[in-house]
Each structure stands twice: as C-alpha cells, then as structure tokens.
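Report on the structure given below.
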Amino acid sequence: MKNLSFSLALLFLLCACNSSDKKTDKNSLAINYVNQDFSEGKEIYNDFCAQCHMPNGKGMPKVIPPLAKSDFLINNREESIKVIKYGLSGEITVNGEHYNSVMEAQGLSNEEIANVMNYITNSWGNKNTSLITEEEVSKVER
C-alpha cells in the first residue's frame, strides 16, 4: 500500500512539474530572454551605427547623442524605433543634454530594426526586458 501511495504521489508531482500554466510560461519567457542572442543586432549596429554613436555607444558630446545609458532610448521606445526607421531632424534631449543634428534613415528592414533596437536597449547599461518585435516595428509610422 505504501508503494502505491508513493507511486501516486510521484506521478502527481511529475504531472504538476510538466503542466503549462501561466507561471511556467512566464518562467519560460524569462529563460528565453536571459539566453537571448543579440549578435545580429550587434552586427547591424557595427555596420550602420557605430561610426557616429561609437562602438561603446557613447556618441560624440554635443554632436551625436549617446545610446549608452540613454534615457531617451529607454523612455521613448516608439520614437526611438521611428528615428532608426525614418531618420531624425531637429532637437532632442538625451540625459539632460540637447542635440540638434540630422540622422538619415538607415534603410533597414523591420526585422533589422528590431534586432538593432534589442541590441542597443540591452547594451552599455541599458536594460529592456520587453523585446522589440518585427511586428511592433512594422506598426510604427511617421
């Protein structure tokens, strides 16, 4: 009888551990985020962005805004996507400093924009736990 009780308890625990409730789904998402590979975004950044924003994301004081520890980047998600997608002309404020230079549209696909945004929003002191998707980028209009 003890063996039957033990077997049933073990079976119950195994089933409970394999259930797919919301708590497990959230944990799976966290694991997937932690293991996220931003190498495609890094490659795009190095090819299109590093020349102005520098390899370390610090930009050029008073000329090119930093992406490293950037309050604008983190607090203006849609606007940041829009800048990469359509370019920027006019003044913006980043980390309390004013910048008024022109950034041309980079001609990147929605997928490339999502990849580079995920890379820069998770580099140099930035933290973004809500990954940007190609679909999200496709919905951003001028």
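Order determines the names: the first chain of the structure tokens is A, the second B, and so forth; residues in each chain are numbered 1 upward, and ligands are numbered 1 upward as they are shown.
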message: Can you pull out the residues contacting stretch 49-65 of chain A? Cut-off 12 Å, using only C-alpha atoms, and skip same-chain residues under 3 positions away; I want them as number ranges by chain.
response: A: 41-46, 68-73, 84, 88, 91-106, 108, 113, 116-117, 119-126
task: Quick one: pull the distance between atom CA of A:Asn115 and atom CA of A:Ile81, Å, one decimal.
output: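 The value is 11.0 Å.
Straight-line separation from atom CA of A:Ser89 to atom CA of A:Glu40: 27.0 Å.
What separates atom CA of A:Arg142 from atom CA of A:Tyr86 is a distance of 7.1 Å.
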